[in-house]
Every structure is written in structure tokens, then in C-alpha cells.
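Below is one structure; the comments refer to it alone.
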Amino acid sequence: MVDKSEVKKVADLAKLEFAEEELDALTAELNIVLGYIDQLKELDVTNVAPLENLNESVDDRSSTERSALRKDESRECLPVEEALRNAPKSADGYFLVPKVLAQEVKAYVEQDIAGGEEEEL
């Protein structure tokens, strides 16, 4: 089980801030989850094959239990002209989109990455 100091440490590493009441609630919730995991560890799974993908045994099931996902098969690509037909703006076979980051936000992110001093936006 974990205590509040461990939850606070993980929150700090994730750069998250919580009030004391929230830390208490998160600690309790995390301990419930970890308790459930401890219960799962007690199960005997010696005759259970490991499952790496929820859909890996699709073909082994009856037709009524098969996954709704289609098989991953190659097929023709959508022509560029058709893909761009409803685009608000396009040029030279590409979608034109507005810039996502404003210059001051971009500079702030670059400064943060470079390890510069923190400043308010």
C-alpha cells in the first residue's frame, strides 16, 4: 500500500498539484486499486495462456463471438484529389491548416525545454 507522501511525490514528478483533501482521496483510491491487484495475484493462472492482444484469438471464436474489427488487409489508397475535396484549404496536394502555437507560446515551450527560468504567460 502507498501513503500520502508517495502519492505527492508521483504528483510532483508529473507536475500535478493537489489540495490536501485531494491527496487523501487519491491515496485511498490508489490503495483500493492496489488491493484489487493483490487479489488478482492470488489467482491460479497456470493453465491460462498469456494474452497479448484482446483480438488475437478472433478466428478461434464462433461467428457470433467474433470481433467487430475488420482484418488488417492492404487496399487501395484514397486518391489525393478525393481526400482534399472537402478541405477548407489545400495546396500542392496537402491540407493547409492554421498554426497551432502562437509565437509567444512556442518561445515559452522552447525556453522550458532548454531549461530557462520559468515565467508566467
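Each chain of the C-alpha cells is named A, B, ... in the order shown, its residues numbered from 1; ligands are numbered from 1 in display order.
Excluding A:Asn31 itself and any same-chain residue fewer than 3 positions from it, the protein and nucleic acid residues within 12 Å of it, counting only C-alpha atoms, are Met1, Val2, Asp3, Lys4, Glu6, Val7, Asp24, Ala25, Leu26, Thr27, Ala28, Leu34, Gly35, Tyr36, Ile37 and Asp38 of chain A.
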Would you mind reading off the distance between atom CA of A:Leu69 and atom CA of A:Leu51, one decimal, in Å?
->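 Interatomic distance, atom CA of A:Leu69 to atom CA of A:Leu51: 17.5 Å.
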Could you jot down the atom CA of A:Ala91 to atom CA of A:Ser74 separation for me, Å, one decimal place?
->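 Value for the atom CA of A:Ala91-atom CA of A:Ser74 distance: 27.6 Å.
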